[in-house]
>>> print(open('start-v3.tsv').read())   # TSV, N, CA and C atoms
chain	number	residue	atom	x	y	z
A	786	MET	N	147.38	94.57	92.64
A	786	MET	CA	147.16	95.66	91.71
A	786	MET	C	146.39	95.18	90.47
A	787	LYS	N	146.80	94.01	90.00
A	787	LYS	CA	146.16	93.46	88.82
A	787	LYS	C	144.67	93.18	89.10
A	788	SER	N	144.34	92.68	90.29
A	788	SER	CA	142.95	92.38	90.62
A	788	SER	C	142.10	93.64	90.72
A	789	CYS	N	142.70	94.75	91.16
A	789	CYS	CA	141.96	96.02	91.21
A	789	CYS	C	141.59	96.49	89.81
A	790	ALA	N	142.51	96.30	88.87
A	790	ALA	CA	142.24	96.72	87.49
A	790	ALA	C	141.11	95.88	86.89
A	791	VAL	N	141.12	94.57	87.17
A	791	VAL	CA	140.08	93.68	86.67
A	791	VAL	C	138.73	94.08	87.24
A	792	VAL	N	138.67	94.36	88.54
A	792	VAL	CA	137.43	94.77	89.19
A	792	VAL	C	136.93	96.07	88.59
A	793	ALA	N	137.82	97.03	88.34
A	793	ALA	CA	137.43	98.32	87.76
A	793	ALA	C	136.85	98.14	86.37
A	794	VAL	N	137.50	97.29	85.55
A	794	VAL	CA	137.01	97.04	84.19
A	794	VAL	C	135.64	96.37	84.23
A	795	LEU	N	135.47	95.39	85.10
A	795	LEU	CA	134.18	94.72	85.23
A	795	LEU	C	133.09	95.68	85.69
A	796	ALA	N	133.40	96.54	86.63
A	796	ALA	CA	132.41	97.51	87.12
A	796	ALA	C	132.00	98.46	86.01
A	797	LEU	N	132.96	98.94	85.23
A	797	LEU	CA	132.64	99.85	84.12
A	797	LEU	C	131.80	99.13	83.07
A	798	GLY	N	132.13	97.86	82.82
A	798	GLY	CA	131.38	97.09	81.85
A	798	GLY	C	129.93	96.90	82.27
A	799	LEU	N	129.71	96.65	83.55
A	799	LEU	CA	128.34	96.49	84.04
A	799	LEU	C	127.55	97.78	83.94
A	800	VAL	N	128.17	98.89	84.25
A	800	VAL	CA	127.49	100.18	84.14
A	800	VAL	C	127.18	100.48	82.69
A	801	GLY	N	128.12	100.20	81.80
A	801	GLY	CA	127.94	100.48	80.38
A	801	GLY	C	126.90	99.58	79.73
A	802	CYS	N	126.64	98.41	80.30
A	802	CYS	CA	125.70	97.46	79.70
A	802	CYS	C	124.26	97.69	80.15
A	803	LYS	N	124.05	98.59	81.05
A	803	LYS	CA	122.69	98.80	81.55
A	803	LYS	C	121.80	99.29	80.40
A	804	ARG	N	120.73	98.54	80.13
A	804	ARG	CA	119.81	98.91	79.06
A	804	ARG	C	118.47	99.27	79.66
A	805	PRO	N	117.74	100.15	78.99
A	805	PRO	CA	116.39	100.44	79.46
A	805	PRO	C	115.56	99.17	79.38
A	806	THR	N	114.58	99.08	80.22
A	806	THR	CA	113.76	97.87	80.27
A	806	THR	C	112.29	98.19	79.98
A	807	LEU	N	111.61	97.23	79.43
A	807	LEU	CA	110.18	97.36	79.16
A	807	LEU	C	109.34	97.07	80.39
A	808	ILE	N	109.92	96.41	81.37
A	808	ILE	CA	109.17	95.92	82.52
A	808	ILE	C	108.41	97.07	83.17
A	809	GLY	N	107.10	96.86	83.36
A	809	GLY	CA	106.24	97.88	83.95
A	809	GLY	C	105.00	98.10	83.11
A	810	THR	N	104.21	99.09	83.49
A	810	THR	CA	102.94	99.39	82.81
A	810	THR	C	103.11	100.61	81.92
A	811	TRP	N	102.61	100.50	80.70
A	811	TRP	CA	102.71	101.55	79.69
A	811	TRP	C	101.32	101.98	79.23
A	812	LYS	N	101.18	103.26	78.99
A	812	LYS	CA	99.92	103.83	78.50
A	812	LYS	C	100.25	104.80	77.37
A	813	ILE	N	99.33	104.95	76.42
A	813	ILE	CA	99.57	105.86	75.29
A	813	ILE	C	99.69	107.29	75.79
A	814	ASP	N	100.73	107.97	75.33
A	814	ASP	CA	100.93	109.38	75.65
A	814	ASP	C	99.87	110.19	74.91
A	815	PRO	N	98.97	110.87	75.63
A	815	PRO	CA	97.90	111.62	74.95
A	815	PRO	C	98.42	112.68	73.99
A	816	ASN	N	99.63	113.17	74.22
A	816	ASN	CA	100.21	114.18	73.32
A	816	ASN	C	100.63	113.59	71.97
A	817	SER	N	100.68	112.27	71.87
A	817	SER	CA	101.09	111.65	70.61
A	817	SER	C	99.91	111.21	69.76
A	818	ILE	N	98.69	111.41	70.27
A	818	ILE	CA	97.50	110.98	69.53
A	818	ILE	C	97.13	112.03	68.49
A	819	PRO	N	97.14	111.66	67.21
A	819	PRO	CA	96.75	112.61	66.16
A	819	PRO	C	95.29	113.04	66.34
A	820	MET	N	94.99	114.27	66.00
A	820	MET	CA	93.66	114.84	66.16
A	820	MET	C	92.59	113.98	65.50
A	821	LYS	N	92.87	113.48	64.30
A	821	LYS	CA	91.86	112.68	63.58
A	821	LYS	C	91.51	111.41	64.35
A	822	MET	N	92.45	110.85	65.09
A	822	MET	CA	92.17	109.66	65.89
A	822	MET	C	91.51	110.03	67.21
A	823	ALA	N	91.94	111.11	67.82
A	823	ALA	CA	91.39	111.54	69.11
A	823	ALA	C	89.91	111.88	68.99
A	824	GLU	N	89.50	112.37	67.82
A	824	GLU	CA	88.10	112.75	67.62
A	824	GLU	C	87.24	111.63	67.06
A	825	ASP	N	87.86	110.53	66.65
A	825	ASP	CA	87.14	109.41	66.06
A	825	ASP	C	86.55	108.55	67.19
A	826	PRO	N	85.22	108.37	67.23
A	826	PRO	CA	84.59	107.59	68.30
A	826	PRO	C	85.05	106.13	68.35
A	827	THR	N	85.61	105.64	67.24
A	827	THR	CA	86.11	104.27	67.22
A	827	THR	C	87.42	104.15	68.00
A	828	TYR	N	88.28	105.15	67.85
A	828	TYR	CA	89.61	105.09	68.46
A	828	TYR	C	89.70	105.76	69.83
A	829	ALA	N	88.97	106.82	70.05
A	829	ALA	CA	89.12	107.61	71.28
A	829	ALA	C	89.10	106.78	72.57
A	830	PRO	N	88.09	105.92	72.78
A	830	PRO	CA	88.09	105.14	74.02
A	830	PRO	C	89.29	104.19	74.13
A	831	LEU	N	89.65	103.58	73.01
A	831	LEU	CA	90.79	102.67	73.00
A	831	LEU	C	92.07	103.40	73.38
A	832	LEU	N	92.29	104.53	72.77
A	832	LEU	CA	93.52	105.27	72.99
A	832	LEU	C	93.64	105.82	74.40
A	833	ASN	N	92.52	106.13	75.02
A	833	ASN	CA	92.56	106.70	76.36
A	833	ASN	C	92.65	105.66	77.47
A	834	ASN	N	92.34	104.40	77.18
A	834	ASN	CA	92.29	103.39	78.23
A	834	ASN	C	93.19	102.18	78.00
A	835	PHE	N	93.83	102.11	76.88
A	835	PHE	CA	94.65	100.97	76.52
A	835	PHE	C	95.95	100.96	77.33
A	836	LYS	N	96.24	99.84	78.00
A	836	LYS	CA	97.46	99.71	78.80
A	836	LYS	C	98.12	98.37	78.52
A	837	ILE	N	99.44	98.36	78.63
A	837	ILE	CA	100.19	97.12	78.51
A	837	ILE	C	101.12	97.01	79.70
A	838	GLU	N	101.07	95.87	80.38
A	838	GLU	CA	101.98	95.63	81.50
A	838	GLU	C	102.94	94.50	81.10
A	839	PHE	N	104.22	94.85	80.95
A	839	PHE	CA	105.25	93.88	80.61
A	839	PHE	C	105.85	93.30	81.89
A	840	LYS	N	106.04	91.97	81.89
A	840	LYS	CA	106.62	91.29	83.06
A	840	LYS	C	107.97	90.68	82.69
A	841	ASN	N	108.77	90.39	83.69
A	841	ASN	CA	110.12	89.85	83.51
A	841	ASN	C	110.18	88.53	82.77
A	842	ASP	N	109.15	87.72	82.88
A	842	ASP	CA	109.19	86.37	82.34
A	842	ASP	C	108.75	86.25	80.88
A	843	GLY	N	108.63	87.38	80.18
A	843	GLY	CA	108.22	87.34	78.77
A	843	GLY	C	106.72	87.34	78.57
A	844	THR	N	105.98	87.51	79.67
A	844	THR	CA	104.52	87.61	79.54
A	844	THR	C	104.10	89.06	79.72
A	845	LEU	N	102.87	89.33	79.34
A	845	LEU	CA	102.32	90.67	79.50
A	845	LEU	C	100.82	90.57	79.68
A	846	THR	N	100.24	91.68	80.08
A	846	THR	CA	98.79	91.79	80.19
A	846	THR	C	98.37	93.06	79.45
A	847	VAL	N	97.41	92.90	78.55
A	847	VAL	CA	96.86	94.05	77.83
A	847	VAL	C	95.51	94.36	78.47
A	848	GLN	N	95.28	95.63	78.81
A	848	GLN	CA	94.00	96.04	79.37
A	848	GLN	C	93.25	96.84	78.32
A	849	ASP	N	92.00	96.44	78.06
A	849	ASP	CA	91.21	97.13	77.05
A	849	ASP	C	90.38	98.25	77.66
A	850	VAL	N	89.52	98.83	76.84
A	850	VAL	CA	88.72	99.99	77.25
A	850	VAL	C	87.87	99.75	78.48
A	851	GLY	N	87.28	98.57	78.57
A	851	GLY	CA	86.41	98.27	79.69
A	851	GLY	C	87.15	97.78	80.92
A	852	GLY	N	88.47	97.74	80.85
A	852	GLY	CA	89.25	97.28	81.98
A	852	GLY	C	89.51	95.78	81.97
A	853	LYS	N	89.00	95.09	80.94
A	853	LYS	CA	89.22	93.65	80.83
A	853	LYS	C	90.68	93.41	80.47
A	854	LYS	N	91.28	92.39	81.10
A	854	LYS	CA	92.70	92.11	80.89
A	854	LYS	C	92.89	90.82	80.12
A	855	TYR	N	93.85	90.86	79.19
A	855	TYR	CA	94.16	89.72	78.34
A	855	TYR	C	95.63	89.37	78.49
A	856	PRO	N	95.93	88.14	78.90
A	856	PRO	CA	97.34	87.73	79.00
A	856	PRO	C	97.91	87.38	77.63
A	857	ASP	N	99.20	87.56	77.46
A	857	ASP	CA	99.86	87.21	76.22
A	857	ASP	C	101.35	87.10	76.49
A	858	ARG	N	102.12	86.93	75.43
A	858	ARG	CA	103.58	86.85	75.53
A	858	ARG	C	104.20	87.90	74.61
A	859	TYR	N	105.47	88.21	74.87
A	859	TYR	CA	106.19	89.14	74.01
A	859	TYR	C	107.63	88.66	73.83
A	860	THR	N	108.23	89.11	72.72
A	860	THR	CA	109.64	88.87	72.46
A	860	THR	C	110.28	90.19	72.06
A	861	ILE	N	111.58	90.28	72.28
A	861	ILE	CA	112.33	91.48	71.90
A	861	ILE	C	113.48	91.05	71.00
A	862	ASN	N	113.62	91.75	69.88
A	862	ASN	CA	114.72	91.51	68.95
A	862	ASN	C	115.28	92.88	68.57
A	863	GLY	N	116.35	93.29	69.22
A	863	GLY	CA	116.89	94.64	69.01
A	863	GLY	C	115.91	95.65	69.58
A	864	THR	N	115.38	96.53	68.71
A	864	THR	CA	114.40	97.52	69.16
A	864	THR	C	112.97	97.08	68.86
A	865	LYS	N	112.82	95.93	68.21
A	865	LYS	CA	111.49	95.43	67.84
A	865	LYS	C	110.90	94.60	68.98
A	866	VAL	N	109.68	94.97	69.37
A	866	VAL	CA	108.94	94.24	70.40
A	866	VAL	C	107.73	93.62	69.71
A	867	THR	N	107.63	92.30	69.79
A	867	THR	CA	106.52	91.59	69.17
A	867	THR	C	105.62	91.02	70.25
A	868	ILE	N	104.36	91.38	70.18
A	868	ILE	CA	103.37	90.89	71.13
A	868	ILE	C	102.50	89.86	70.42
A	869	GLY	N	102.29	88.73	71.06
A	869	GLY	CA	101.48	87.66	70.47
A	869	GLY	C	102.35	86.65	69.76
A	870	GLY	N	101.88	85.44	69.70
A	870	GLY	CA	102.69	84.38	69.15
A	870	GLY	C	102.36	83.96	67.74
A	871	THR	N	101.22	84.35	67.21
A	871	THR	CA	100.86	83.92	65.87
A	871	THR	C	100.69	85.14	64.97
A	872	PRO	N	101.06	85.01	63.70
A	872	PRO	CA	100.95	86.16	62.78
A	872	PRO	C	99.55	86.76	62.70
A	873	SER	N	98.51	85.94	62.90
A	873	SER	CA	97.15	86.46	62.78
A	873	SER	C	96.78	87.37	63.96
A	874	ARG	N	97.48	87.25	65.06
A	874	ARG	CA	97.21	88.13	66.19
A	874	ARG	C	98.52	88.62	66.79
A	875	GLN	N	99.29	89.25	65.93
A	875	GLN	CA	100.60	89.74	66.33
A	875	GLN	C	100.64	91.26	66.21
A	876	LEU	N	101.26	91.90	67.19
A	876	LEU	CA	101.40	93.35	67.20
A	876	LEU	C	102.88	93.68	67.32
A	877	ASP	N	103.39	94.46	66.38
A	877	ASP	CA	104.79	94.86	66.42
A	877	ASP	C	104.91	96.30	66.90
A	878	MET	N	105.84	96.51	67.83
A	878	MET	CA	106.11	97.83	68.37
A	878	MET	C	107.62	98.04	68.33
A	879	THR	N	108.06	99.26	68.58
A	879	THR	CA	109.49	99.52	68.70
A	879	THR	C	109.78	100.19	70.04
A	880	PHE	N	110.94	99.90	70.57
A	880	PHE	CA	111.38	100.45	71.86
A	880	PHE	C	112.65	101.23	71.60
A	881	GLU	N	112.55	102.55	71.62
A	881	GLU	CA	113.68	103.42	71.30
A	881	GLU	C	113.76	104.57	72.28
A	882	GLY	N	114.94	104.85	72.76
A	882	GLY	CA	115.16	106.00	73.62
A	882	GLY	C	114.30	106.02	74.87
A	883	GLY	N	113.99	104.85	75.39
A	883	GLY	CA	113.18	104.77	76.61
A	883	GLY	C	111.68	104.92	76.37
A	884	SER	N	111.25	104.99	75.11
A	884	SER	CA	109.83	105.08	74.78
A	884	SER	C	109.42	103.88	73.93
A	885	LEU	N	108.16	103.55	73.99
A	885	LEU	CA	107.60	102.45	73.23
A	885	LEU	C	106.69	103.06	72.17
A	886	TYR	N	106.80	102.59	70.92
A	886	TYR	CA	106.02	103.15	69.82
A	886	TYR	C	105.22	102.07	69.11
A	887	TRP	N	104.00	102.44	68.70
A	887	TRP	CA	103.10	101.55	67.96
A	887	TRP	C	102.63	102.30	66.72
A	888	ASN	N	102.90	101.73	65.56
A	888	ASN	CA	102.41	102.31	64.30
A	888	ASN	C	101.05	101.72	63.99
A	889	ILE	N	100.03	102.58	63.96
A	889	ILE	CA	98.67	102.13	63.70
A	889	ILE	C	98.01	103.12	62.73
A	890	GLN	N	97.41	102.57	61.70
A	890	GLN	CA	96.73	103.39	60.69
A	890	GLN	C	97.62	104.50	60.16
A	891	GLY	N	98.90	104.20	59.97
A	891	GLY	CA	99.83	105.18	59.43
A	891	GLY	C	100.29	106.24	60.43
A	892	GLU	N	99.92	106.10	61.67
A	892	GLU	CA	100.29	107.05	62.72
A	892	GLU	C	101.20	106.37	63.75
A	893	LYS	N	102.12	107.12	64.30
A	893	LYS	CA	103.05	106.60	65.30
A	893	LYS	C	102.61	107.07	66.68
A	894	LEU	N	102.12	106.14	67.50
A	894	LEU	CA	101.70	106.47	68.86
A	894	LEU	C	102.83	106.16	69.84
A	895	ARG	N	103.07	107.07	70.75
A	895	ARG	CA	104.11	106.89	71.75
A	895	ARG	C	103.48	106.43	73.06
A	896	PHE	N	104.06	105.42	73.66
A	896	PHE	CA	103.63	104.97	74.98
A	896	PHE	C	104.62	105.50	76.02
A	897	LYS	N	104.10	105.82	77.18
A	897	LYS	CA	104.97	106.24	78.28
A	897	LYS	C	104.64	105.39	79.50
A	898	ARG	N	105.60	105.32	80.40
A	898	ARG	CA	105.38	104.54	81.61
A	898	ARG	C	104.30	105.21	82.45
A	899	GLU	N	103.50	104.37	83.05
A	899	GLU	CA	102.43	104.89	83.90
A	899	GLU	C	102.96	105.19	85.28
>>> encode(input="start-v3.tsv", output="structure tokens")
Amino acid sequence: MKSCAVVAVLALGLVGCKRPTLIGTWKIDPNSIPMKMAEDPTYAPLLNNFKIEFKNDGTLTVQDVGGKKYPDRYTINGTKVTIGGTPSRQLDMTFEGGSLYWNIQGEKLRFKRE
């Protein structure tokens, strides 16, 4: 009887500990792009083609407008996701409620899974 209770508690603990994961490919949600950025020729191509693929081993691949891919690393601290290892080329994002957010030029862009 005692072993059944232990198994039940462990099973509930595992279910309760399940956290959303970043693993996979993310693209900017077009509905989150502010009009001023969507119409700006500097940002429009970037926002429509920018992708990030997070991998289990702490690495990722960023795909730019032309489809060129750049490898990098990421770390997670709570809801903060940091891409890149040096401050001069570091990008901070947040992961909340199953969505990934990037604050750029005072605007909050939402990423969704592809």
>>> residues_around(input="start-v3.tsv", residues="A:Asp814", least_positions_apart="3", cutoff="10 Å", atoms="only C-alpha atoms", output="count of residues only")
14
>>> select_by_dssp(input="start-v3.tsv", residues="chain A", states="alpha helix (DSSP H)", output="list in words")
Lys787, Ser788, Cys789, Ala790, Val791, Val792, Ala793, Val794, Leu795, Ala796, Leu797, Gly798, Leu799, Val800, Gly801, Met820, Lys821, Met822, Ala823, Ala829, Pro830, Leu831, Leu832, Asn833 and Asn834 of chain A
>>> closest_residue(input="start-v3.tsv", among="A:Asn841, A:Tyr855, A:Thr864, A:Val850", to="A:Met878", atoms="all atoms listed in the file")
A:Thr864
>>> closest_residue(input="start-v3.tsv", among="A:Thr871, A:Asn834, A:Arg858, A:Gly882", to="A:Thr846", atoms="all atoms listed in the file")
A:Arg858
>>> residues_around(input="start-v3.tsv", residues="A:Pro830", least_positions_apart="2", cutoff="12 Å", atoms="only C-alpha atoms", output="VMD selection string")
chain A and resid 813 815 818 822 to 828 832 to 836 849 to 852
>>> closest_residue(input="start-v3.tsv", among="A:Gly870, A:Gly843, A:Pro819, A:Pro856", to="A:Leu807", atoms="only C-alpha atoms")
A:Gly843
>>> axis_aligned_box(input="start-v3.tsv", around="stretch 853-866 of chain A", padding_each_side="6 Å", output="AutoDock Vina command-line options")
--center_x 102.9 --center_y 92.2 --center_z 74.5 --size_x 39.9 --size_y 22.7 --size_z 25.3
>>> atom_distance(input="start-v3.tsv", atom1="atom CA of A:Thr806", atom2="atom C of A:Gly869")
19.1 Å
>>> select_by_dssp(input="start-v3.tsv", residues="chain A", states="strand (DSSP E)", output="NGL selection string")
:A and (809-813 or 836-839 or 844-848 or 854-862 or 865-868 or 876-881 or 884-889 or 892-898)
>>> residues_around(input="start-v3.tsv", residues="A:Lys854", least_positions_apart="6", cutoff="10 Å", atoms="only C-alpha atoms", output="PyMOL selection string")
chain A and resi 836-838+845-848
>>> write_last_selection(input="start-v3.tsv", atoms="N, CA and C atoms", output="PDB file, in the frame of the given file")
ATOM      1  N   LYS A 836      96.240  99.840  78.000  1.00  0.00           N
ATOM      2  CA  LYS A 836      97.460  99.710  78.800  1.00  0.00           C
ATOM      3  C   LYS A 836      98.120  98.370  78.520  1.00  0.00           C
ATOM      4  N   ILE A 837      99.440  98.360  78.630  1.00  0.00           N
ATOM      5  CA  ILE A 837     100.190  97.120  78.510  1.00  0.00           C
ATOM      6  C   ILE A 837     101.120  97.010  79.700  1.00  0.00           C
ATOM      7  N   GLU A 838     101.070  95.870  80.380  1.00  0.00           N
ATOM      8  CA  GLU A 838     101.980  95.630  81.500  1.00  0.00           C
ATOM      9  C   GLU A 838     102.940  94.500  81.100  1.00  0.00           C
ATOM     10  N   LEU A 845     102.870  89.330  79.340  1.00  0.00           N
ATOM     11  CA  LEU A 845     102.320  90.670  79.500  1.00  0.00           C
ATOM     12  C   LEU A 845     100.820  90.570  79.680  1.00  0.00           C
ATOM     13  N   THR A 846     100.240  91.680  80.080  1.00  0.00           N
ATOM     14  CA  THR A 846      98.790  91.790  80.190  1.00  0.00           C
ATOM     15  C   THR A 846      98.370  93.060  79.450  1.00  0.00           C
ATOM     16  N   VAL A 847      97.410  92.900  78.550  1.00  0.00           N
ATOM     17  CA  VAL A 847      96.860  94.050  77.830  1.00  0.00           C
ATOM     18  C   VAL A 847      95.510  94.360  78.470  1.00  0.00           C
ATOM     19  N   GLN A 848      95.280  95.630  78.810  1.00  0.00           N
ATOM     20  CA  GLN A 848      94.000  96.040  79.370  1.00  0.00           C
ATOM     21  C   GLN A 848      93.250  96.840  78.320  1.00  0.00           C
TER      22      GLN A 848
END
>>> atom_distance(input="start-v3.tsv", atom1="atom N of A:Ala829", atom2="atom C of A:Asn816")
13.6 Å
>>> atom_distance(input="start-v3.tsv", atom1="atom CA of A:Phe839", atom2="atom CA of A:Thr810")
6.4 Å
>>> residues_around(input="start-v3.tsv", residues="A:Gly863", least_positions_apart="5", cutoff="8 Å", atoms="all atoms listed in the file", output="MDAnalysis selection string")
chainID A and resid 879:881
